[in-house]
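**Student:** Please see the structure below; I have some questions.
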Amino acid sequence: MSKKEQITVGISIGDLNGIGGEIILKTFLDSRMLEFCTPVIFASVKLMSFYKKHFGLQMNLHGIHKLDQIAHKKINVFNVWKEGVNVQFGEEHPEAGAYAIKSFKSAVRALKEDKIDVLVTAPIHKHNIQAEDFKFPGHTDYLNQELEGNSMMFMISESLRVGLLTDHLPVKDVSAAITPELIETKIKTVTQTLKQDFGIITPKVAVLGINPHTGDNGVIGKEDDEVVRPTLAKLNEEGTLVYGPYAADSFFGTKNHLHFDAIIAAYHDQGLVPFKTLSFGQGVNYTAGLHKIRTSPDHGTAYDKAGKGEADYSSFKEAVFSAIQIYKTRQEYLELSANPLQKRARKVLAKKR
């Protein structure tokens, strides 16, 4: 795989009635962004022109009907549809969800066909996207179906990375879903991701317990002792630097997370509450474990701010930069892995560390 200086970033529009259009355009309002990447927004010129006018943004859009018309140094808008769309800021509406999925599916298809290098998704609403041809709780599950690998929600910021054993699952189903096989799969995904996508040669991973105080020796549940600990011990014997389970209530407060390259939480809120508390606005949701790269901001549709010109686009901008950096790091990793001499030098370097 050869290095690319200009990364083509595909962007799905998200919920039309949310803040997606605003944060996308404001991210690329700074023309210097076009020095880092070539954006391709999957929507329509009519829609993006509406957003541009509504928010009073002075910028040029390059409408295209075929992906071989992508132009560098321009904000490309691939016309997924031609008709006008009625935008109702702040309203949950099935039509907004349907167009969000049209945009998303078109962008994923382009990613699979190598028409774009990475994908950045604006927020969708998990209720209004449900349809006969889209019965998924979110982006990640659809990506897992369409792309090779085992997808995993991996929240990243400058100083913190948090993965999840289970994500969009009711709390009552969490314990039953966490099996030794699942733990092994997720930990292997995280360690490989840290190596190939973040350049960490020997990653250290912490795992949080399922129960309060990791069960207190079985008093508050036996899952940590009977499922988690034996699985972590097995992985340690195989050479994986994984530690835990740790009591989740004090783990972040004592700054224990600073000693690890990634933390794996048992369920959604156990991992995302501390992550968003420490990193909100600067965090990025990265879909690890796939052969393609997808990122998104760490927030939702923000209906309460939609259309008011108040949306903070910093997390979306970070998602763009993260996708670019991960792409470049993975390219370097694949090149090193393909070159035996470089691979050997890498091992020598790892031993010295």
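Convention: chains lettered A, B, ... in structure tokens order; per-chain residue numbering from 1; ligands numbered from 1 as shown.
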Using only C-alpha atoms, which protein or nucleic acid residues come within 6 Å of segment 299-306 of chain A? Drop anything in the same chain fewer than 5 positions from it, and give the result as a list in words.

**Tutor:**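 Skipping anything fewer than 5 positions along the chain leaves Gly18, Ile19, Phe89, Gly90 and Pro123 of chain A.
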
**Student:** Restrict the selected residues to N, CA and C atoms and save them as a compact mmCIF listing (two decimals), in the first residue's frame.

**Tutor:**
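Once everything was written out, this is selection.txt:
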# COMPACT_ATOMS: atom_id res chain seq x y z
N GLY A 18 -31.09 17.67 12.56
CA GLY A 18 -30.15 17.86 13.67
C GLY A 18 -29.07 18.87 13.31
N ILE A 19 -27.92 18.73 13.95
CA ILE A 19 -26.83 19.70 13.75
C ILE A 19 -25.79 19.24 12.73
N PHE A 89 -35.79 21.81 11.58
CA PHE A 89 -34.80 21.75 12.65
C PHE A 89 -35.42 21.39 14.00
N GLY A 90 -34.78 20.46 14.68
CA GLY A 90 -35.20 20.09 16.02
C GLY A 90 -36.33 19.10 16.10
N PRO A 123 -24.16 12.70 13.26
CA PRO A 123 -25.09 11.94 14.13
C PRO A 123 -26.44 11.64 13.49

**Student:** For segment 312-327 of chain A, find every residue with an atom within 6 Å (counting only C-alpha atoms), except residues of its own chain fewer than 5 positions away, and show them as a list in words.

**Tutor:**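 Final neighbour list, sorted by chain and number: Ile23, Thr27, Asp197, Gly281, Gln282, Gly283, Val284, Thr295, Ser296 and Pro297 of chain A.
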
**Student:** Determine, counting only C-alpha atoms, which protein, DNA and RNA residues have an atom within 9 Å of an atom of His54 of chain A; residues of the same chain fewer than 4 positions away are not included. Present the result as a PyMOL selection string.

**Tutor:** chain A and resi 49-50+307+309

**Student:** Within 7 Å of segment 11-16 of chain A, counting only C-alpha atoms, which residues show up once you throw out same-chain ones fewer than 4 positions away? Write them as a list of chain:residue names, please.

**Tutor:** A:Gly20, A:Gly21, A:Val40, A:Ile41, A:Phe42, A:Ala43, A:Val87, A:Ala96, A:Gly97, A:Ala100, A:Ser103, A:Phe104, A:Ala107, A:Leu119, A:Val120, A:Thr121, A:Ala122, A:Pro123, A:Ile124, A:His125, A:Thr301

**Student:** Could you tell me, as a compact mmCIF listing (two decimals) with all heavy atoms, in the first residue's frame, which residues of segment 21-211 of chain A DSSP assigns to strand (DSSP E) when given the backbone?

**Tutor:**
# COMPACT_ATOMS: atom_id res chain seq x y z
N CYS A 37 -7.11 17.26 3.60
CA CYS A 37 -7.94 16.21 3.04
C CYS A 37 -8.86 16.76 1.96
O CYS A 37 -8.99 17.98 1.79
CB CYS A 37 -8.79 15.56 4.13
SG CYS A 37 -10.02 16.67 4.86
N THR A 38 -9.49 15.84 1.24
CA THR A 38 -10.51 16.19 0.24
C THR A 38 -11.85 15.69 0.75
O THR A 38 -12.09 14.48 0.79
CB THR A 38 -10.18 15.55 -1.12
OG1 THR A 38 -8.93 16.03 -1.58
CG2 THR A 38 -11.26 15.87 -2.14
N PRO A 39 -12.75 16.58 1.17
CA PRO A 39 -14.04 16.15 1.67
C PRO A 39 -15.04 15.83 0.57
O PRO A 39 -15.08 16.50 -0.46
CB PRO A 39 -14.52 17.35 2.49
CG PRO A 39 -13.88 18.53 1.83
CD PRO A 39 -12.56 18.04 1.29
N VAL A 40 -15.83 14.79 0.79
CA VAL A 40 -16.94 14.44 -0.11
C VAL A 40 -18.17 14.24 0.77
O VAL A 40 -18.26 13.26 1.51
CB VAL A 40 -16.66 13.17 -0.92
CG1 VAL A 40 -17.81 12.90 -1.90
CG2 VAL A 40 -15.34 13.27 -1.66
N ILE A 41 -19.12 15.16 0.69
CA ILE A 41 -20.34 15.08 1.49
C ILE A 41 -21.40 14.33 0.69
O ILE A 41 -21.70 14.69 -0.45
CB ILE A 41 -20.85 16.49 1.84
CG1 ILE A 41 -19.75 17.29 2.56
CG2 ILE A 41 -22.11 16.40 2.71
CD1 ILE A 41 -20.06 18.77 2.69
N PHE A 42 -21.97 13.30 1.28
CA PHE A 42 -22.98 12.48 0.61
C PHE A 42 -24.36 13.01 0.99
O PHE A 42 -24.88 12.71 2.07
CB PHE A 42 -22.81 11.00 0.99
CG PHE A 42 -21.61 10.37 0.35
CD1 PHE A 42 -20.33 10.62 0.84
CD2 PHE A 42 -21.75 9.55 -0.77
CE1 PHE A 42 -19.21 10.04 0.24
CE2 PHE A 42 -20.64 8.97 -1.38
CZ PHE A 42 -19.36 9.22 -0.87
N ALA A 43 -24.93 13.82 0.11
CA ALA A 43 -26.24 14.45 0.37
C ALA A 43 -26.75 14.99 -0.96
O ALA A 43 -26.94 14.23 -1.91
CB ALA A 43 -26.10 15.55 1.42
N HIS A 62 -18.78 22.16 -4.44
CA HIS A 62 -18.54 21.56 -5.76
C HIS A 62 -19.46 20.35 -5.91
O HIS A 62 -19.18 19.28 -5.38
CB HIS A 62 -17.07 21.16 -5.89
CG HIS A 62 -16.74 20.46 -7.17
ND1 HIS A 62 -16.87 21.05 -8.41
CD2 HIS A 62 -16.27 19.20 -7.42
CE1 HIS A 62 -16.49 20.21 -9.35
NE2 HIS A 62 -16.13 19.07 -8.77
N GLY A 63 -20.57 20.53 -6.60
CA GLY A 63 -21.51 19.44 -6.80
C GLY A 63 -21.04 18.44 -7.83
O GLY A 63 -20.52 18.82 -8.88
N ILE A 64 -21.18 17.14 -7.51
CA ILE A 64 -20.79 16.09 -8.45
C ILE A 64 -21.88 15.02 -8.50
O ILE A 64 -22.65 14.85 -7.56
CB ILE A 64 -19.43 15.43 -8.05
CG1 ILE A 64 -19.52 14.82 -6.64
CG2 ILE A 64 -18.30 16.44 -8.12
CD1 ILE A 64 -18.28 14.05 -6.22
N ASN A 76 -16.50 18.86 -1.97
CA ASN A 76 -17.32 18.10 -2.90
C ASN A 76 -18.64 17.68 -2.26
O ASN A 76 -18.66 17.26 -1.10
CB ASN A 76 -16.57 16.85 -3.36
CG ASN A 76 -15.28 17.19 -4.09
OD1 ASN A 76 -15.27 17.36 -5.30
ND2 ASN A 76 -14.18 17.28 -3.34
N VAL A 77 -19.72 17.79 -3.01
CA VAL A 77 -21.02 17.29 -2.56
C VAL A 77 -21.53 16.30 -3.60
O VAL A 77 -21.83 16.68 -4.74
CB VAL A 77 -22.05 18.43 -2.38
CG1 VAL A 77 -23.38 17.84 -1.90
CG2 VAL A 77 -21.54 19.47 -1.39
N PHE A 78 -21.55 15.03 -3.22
CA PHE A 78 -22.05 13.99 -4.12
C PHE A 78 -23.57 13.95 -4.00
O PHE A 78 -24.12 13.74 -2.91
CB PHE A 78 -21.44 12.64 -3.76
CG PHE A 78 -21.94 11.51 -4.61
CD1 PHE A 78 -21.69 11.47 -5.96
CD2 PHE A 78 -22.68 10.48 -4.05
CE1 PHE A 78 -22.15 10.43 -6.76
CE2 PHE A 78 -23.16 9.43 -4.82
CZ PHE A 78 -22.88 9.41 -6.19
N ASN A 79 -24.26 14.14 -5.11
CA ASN A 79 -25.72 14.19 -5.12
C ASN A 79 -26.30 12.78 -5.02
O ASN A 79 -26.45 12.08 -6.02
CB ASN A 79 -26.22 14.89 -6.39
CG ASN A 79 -26.00 16.39 -6.32
OD1 ASN A 79 -26.69 17.11 -5.59
ND2 ASN A 79 -25.02 16.88 -7.07
N VAL A 118 -11.65 7.16 3.85
CA VAL A 118 -12.18 7.01 5.20
C VAL A 118 -13.61 7.56 5.22
O VAL A 118 -14.01 8.29 4.32
CB VAL A 118 -11.32 7.75 6.25
CG1 VAL A 118 -9.90 7.19 6.28
CG2 VAL A 118 -11.30 9.25 5.96
N LEU A 119 -14.33 7.22 6.28
CA LEU A 119 -15.71 7.69 6.42
C LEU A 119 -15.88 8.37 7.77
O LEU A 119 -15.48 7.84 8.80
CB LEU A 119 -16.68 6.51 6.32
CG LEU A 119 -18.16 6.78 6.64
CD1 LEU A 119 -18.75 7.81 5.68
CD2 LEU A 119 -18.96 5.48 6.59
N VAL A 120 -16.49 9.57 7.74
CA VAL A 120 -16.84 10.28 8.96
C VAL A 120 -18.36 10.48 8.93
O VAL A 120 -18.89 11.03 7.96
CB VAL A 120 -16.13 11.64 9.07
CG1 VAL A 120 -16.50 12.33 10.39
CG2 VAL A 120 -14.62 11.46 8.99
N THR A 121 -19.04 10.03 9.98
CA THR A 121 -20.50 10.09 9.99
C THR A 121 -21.01 11.15 10.95
O THR A 121 -20.59 11.20 12.10
CB THR A 121 -21.10 8.72 10.39
OG1 THR A 121 -20.62 8.35 11.68
CG2 THR A 121 -20.70 7.65 9.39
N GLY A 149 -14.42 -7.88 9.23
CA GLY A 149 -13.89 -7.72 10.57
C GLY A 149 -14.96 -7.87 11.64
O GLY A 149 -16.08 -8.29 11.38
N ASN A 150 -14.59 -7.52 12.86
CA ASN A 150 -15.50 -7.53 14.00
C ASN A 150 -15.52 -6.13 14.59
O ASN A 150 -14.56 -5.72 15.26
CB ASN A 150 -15.04 -8.54 15.06
CG ASN A 150 -15.17 -9.96 14.57
OD1 ASN A 150 -16.26 -10.42 14.26
ND2 ASN A 150 -14.04 -10.68 14.48
N SER A 151 -16.59 -5.39 14.35
CA SER A 151 -16.63 -3.99 14.76
C SER A 151 -16.71 -3.85 16.27
O SER A 151 -17.26 -4.69 16.97
CB SER A 151 -17.82 -3.29 14.12
OG SER A 151 -19.03 -3.80 14.61
N MET A 152 -16.16 -2.73 16.75
CA MET A 152 -16.15 -2.43 18.17
C MET A 152 -16.17 -0.93 18.37
O MET A 152 -15.39 -0.21 17.74
CB MET A 152 -14.91 -3.01 18.84
CG MET A 152 -14.82 -2.74 20.33
SD MET A 152 -13.35 -3.52 21.03
CE MET A 152 -13.60 -3.21 22.77
N MET A 153 -17.09 -0.44 19.20
CA MET A 153 -17.10 0.97 19.54
C MET A 153 -15.87 1.30 20.38
O MET A 153 -15.64 0.69 21.43
CB MET A 153 -18.38 1.34 20.31
CG MET A 153 -18.49 2.82 20.61
SD MET A 153 -19.92 3.23 21.65
CE MET A 153 -21.25 2.94 20.49
N PHE A 154 -15.07 2.25 19.91
CA PHE A 154 -13.81 2.58 20.57
C PHE A 154 -13.74 4.10 20.66
O PHE A 154 -13.52 4.78 19.65
CB PHE A 154 -12.65 2.01 19.75
CG PHE A 154 -11.34 1.93 20.48
CD1 PHE A 154 -11.27 1.40 21.77
CD2 PHE A 154 -10.16 2.33 19.88
CE1 PHE A 154 -10.06 1.30 22.43
CE2 PHE A 154 -8.95 2.23 20.53
CZ PHE A 154 -8.89 1.71 21.82
N MET A 155 -13.96 4.63 21.85
CA MET A 155 -13.96 6.07 22.06
C MET A 155 -12.53 6.55 22.29
O MET A 155 -11.82 6.01 23.15
CB MET A 155 -14.85 6.44 23.24
CG MET A 155 -16.28 5.92 23.16
SD MET A 155 -17.19 6.51 21.71
CE MET A 155 -17.33 8.25 22.09
N ILE A 156 -12.11 7.56 21.55
CA ILE A 156 -10.73 8.00 21.63
C ILE A 156 -10.64 9.51 21.81
O ILE A 156 -11.45 10.28 21.32
CB ILE A 156 -9.93 7.59 20.37
CG1 ILE A 156 -10.55 8.21 19.10
CG2 ILE A 156 -9.86 6.08 20.24
CD1 ILE A 156 -9.74 7.96 17.83
N ARG A 161 -8.59 6.24 25.78
CA ARG A 161 -9.22 5.36 24.79
C ARG A 161 -10.06 4.33 25.56
O ARG A 161 -9.54 3.65 26.43
CB ARG A 161 -8.18 4.63 23.94
CG ARG A 161 -7.22 5.56 23.20
CD ARG A 161 -6.23 4.76 22.36
NE ARG A 161 -5.15 5.60 21.86
CZ ARG A 161 -3.98 5.79 22.47
NH1 ARG A 161 -3.75 5.13 23.61
NH2 ARG A 161 -3.07 6.58 21.97
N VAL A 162 -11.33 4.25 25.21
CA VAL A 162 -12.24 3.35 25.92
C VAL A 162 -13.01 2.49 24.92
O VAL A 162 -13.68 3.00 24.03
CB VAL A 162 -13.25 4.14 26.79
CG1 VAL A 162 -14.25 3.19 27.44
CG2 VAL A 162 -12.53 4.96 27.85
N GLY A 163 -12.89 1.17 25.08
CA GLY A 163 -13.65 0.23 24.27
C GLY A 163 -14.75 -0.41 25.11
O GLY A 163 -14.74 -0.32 26.34
N LEU A 164 -15.69 -1.07 24.44
CA LEU A 164 -16.84 -1.66 25.13
C LEU A 164 -16.98 -3.14 24.79
O LEU A 164 -16.86 -3.53 23.63
CB LEU A 164 -18.13 -0.94 24.72
CG LEU A 164 -18.20 0.57 24.92
CD1 LEU A 164 -19.51 1.11 24.38
CD2 LEU A 164 -18.04 0.93 26.39
N VAL A 205 -3.65 -3.03 28.33
CA VAL A 205 -5.10 -2.85 28.35
C VAL A 205 -5.66 -3.19 29.72
O VAL A 205 -5.29 -4.21 30.32
CB VAL A 205 -5.78 -3.73 27.27
CG1 VAL A 205 -7.29 -3.58 27.32
CG2 VAL A 205 -5.25 -3.38 25.88
N ALA A 206 -6.57 -2.34 30.22
CA ALA A 206 -7.27 -2.60 31.48
C ALA A 206 -8.71 -2.97 31.19
O ALA A 206 -9.33 -2.43 30.28
CB ALA A 206 -7.21 -1.37 32.37
N VAL A 207 -9.26 -3.89 31.99
CA VAL A 207 -10.64 -4.31 31.84
C VAL A 207 -11.41 -3.99 33.13
O VAL A 207 -10.94 -4.31 34.23
CB VAL A 207 -10.74 -5.82 31.55
CG1 VAL A 207 -12.19 -6.27 31.45
CG2 VAL A 207 -10.01 -6.15 30.25
N LEU A 208 -12.55 -3.33 32.99
CA LEU A 208 -13.39 -3.01 34.15
C LEU A 208 -14.31 -4.18 34.48
O LEU A 208 -14.74 -4.90 33.59
CB LEU A 208 -14.22 -1.76 33.88
CG LEU A 208 -13.43 -0.49 33.52
CD1 LEU A 208 -14.39 0.68 33.33
CD2 LEU A 208 -12.38 -0.17 34.57

**Student:** As a ChimeraX atom specification, please: every residue in segment 93-195 of chain A that DSSP puts in alpha helix (DSSP H).

**Tutor:** /A:94-112,139-146,174-177,180-195

**Student:** Next, dump the selected residues to file, keeping only C-alpha atoms, as an mmCIF file, in the first residue's frame.

**Tutor:**
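Output below, filename out-v3.cif:
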data_model
loop_
_atom_site.group_PDB
_atom_site.id
_atom_site.type_symbol
_atom_site.label_atom_id
_atom_site.label_comp_id
_atom_site.auth_asym_id
_atom_site.auth_seq_id
_atom_site.Cartn_x
_atom_site.Cartn_y
_atom_site.Cartn_z
ATOM 1 C CA PRO A 94 -39.116 9.629 9.614
ATOM 2 C CA GLU A 95 -38.231 11.516 6.423
ATOM 3 C CA ALA A 96 -35.100 12.964 8.037
ATOM 4 C CA GLY A 97 -34.112 9.465 9.144
ATOM 5 C CA ALA A 98 -34.713 8.012 5.675
ATOM 6 C CA TYR A 99 -32.450 10.580 4.014
ATOM 7 C CA ALA A 100 -29.809 10.080 6.704
ATOM 8 C CA ILE A 101 -29.676 6.387 5.827
ATOM 9 C CA LYS A 102 -29.622 7.111 2.073
ATOM 10 C CA SER A 103 -26.563 9.260 2.674
ATOM 11 C CA PHE A 104 -24.939 6.696 4.972
ATOM 12 C CA LYS A 105 -25.495 3.718 2.668
ATOM 13 C CA SER A 106 -24.162 5.626 -0.319
ATOM 14 C CA ALA A 107 -21.040 6.616 1.629
ATOM 15 C CA VAL A 108 -20.462 3.039 2.843
ATOM 16 C CA ARG A 109 -20.770 1.773 -0.725
ATOM 17 C CA ALA A 110 -18.158 4.312 -1.833
ATOM 18 C CA LEU A 111 -15.898 3.203 1.033
ATOM 19 C CA LYS A 112 -16.201 -0.451 0.025
ATOM 20 C CA HIS A 139 -24.020 2.976 12.330
ATOM 21 C CA THR A 140 -21.696 0.398 13.898
ATOM 22 C CA ASP A 141 -23.913 -2.645 13.452
ATOM 23 C CA TYR A 142 -24.526 -1.891 9.775
ATOM 24 C CA LEU A 143 -20.804 -1.347 9.202
ATOM 25 C CA ASN A 144 -20.102 -4.716 10.819
ATOM 26 C CA GLN A 145 -22.428 -6.338 8.288
ATOM 27 C CA GLU A 146 -21.013 -4.526 5.273
ATOM 28 C CA VAL A 174 -25.277 -7.381 29.756
ATOM 29 C CA SER A 175 -24.083 -10.189 32.052
ATOM 30 C CA ALA A 176 -25.466 -12.964 29.865
ATOM 31 C CA ALA A 177 -23.880 -11.431 26.760
ATOM 32 C CA PRO A 180 -15.121 -15.775 27.456
ATOM 33 C CA GLU A 181 -15.309 -15.803 23.645
ATOM 34 C CA LEU A 182 -16.606 -12.239 23.543
ATOM 35 C CA ILE A 183 -13.945 -11.003 25.958
ATOM 36 C CA GLU A 184 -11.171 -12.649 23.936
ATOM 37 C CA THR A 185 -12.480 -11.241 20.661
ATOM 38 C CA LYS A 186 -12.810 -7.688 22.004
ATOM 39 C CA ILE A 187 -9.405 -7.663 23.694
ATOM 40 C CA LYS A 188 -7.715 -8.991 20.565
ATOM 41 C CA THR A 189 -9.495 -6.326 18.526
ATOM 42 C CA VAL A 190 -8.328 -3.582 20.876
ATOM 43 C CA THR A 191 -4.703 -4.750 21.025
ATOM 44 C CA GLN A 192 -4.507 -5.088 17.242
ATOM 45 C CA THR A 193 -6.124 -1.670 16.828
ATOM 46 C CA LEU A 194 -3.602 -0.071 19.175
ATOM 47 C CA LYS A 195 -0.757 -1.613 17.208
#

**Student:** Which residue out of A:His168, A:Phe198, A:Gln58, A:Leu34 has the minimum interatomic distance to Leu272 of chain A when only C-alpha atoms are used?

**Tutor:** A:His168

**Student:** List the neighbours of Lys53 of chain A out to 12 Å using only C-alpha atoms; skip same-chain residues closer than 6 positions along the sequence, and give me the result as a PyMOL selection string.

**Tutor:** chain A and resi 21-22+25+45-47+59-60+307+309

**Student:** Those selected residues, please, written with C-alpha atoms and delivered as a tab-separated table (two decimals), in the first residue's frame.

**Tutor:**
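Dumped to again.tsv:
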chain	number	residue	atom	x	y	z
A	21	GLY	CA	-25.22	20.02	8.26
A	22	GLU	CA	-24.00	22.87	10.46
A	25	LEU	CA	-19.92	23.02	6.87
A	45	VAL	CA	-26.16	20.39	-3.38
A	46	LYS	CA	-29.70	21.71	-2.78
A	47	LEU	CA	-29.62	20.58	0.84
A	59	MET	CA	-18.06	29.04	1.02
A	60	ASN	CA	-18.10	27.30	-2.34
A	307	GLY	CA	-30.84	25.47	13.36
A	309	GLY	CA	-26.14	28.39	14.74
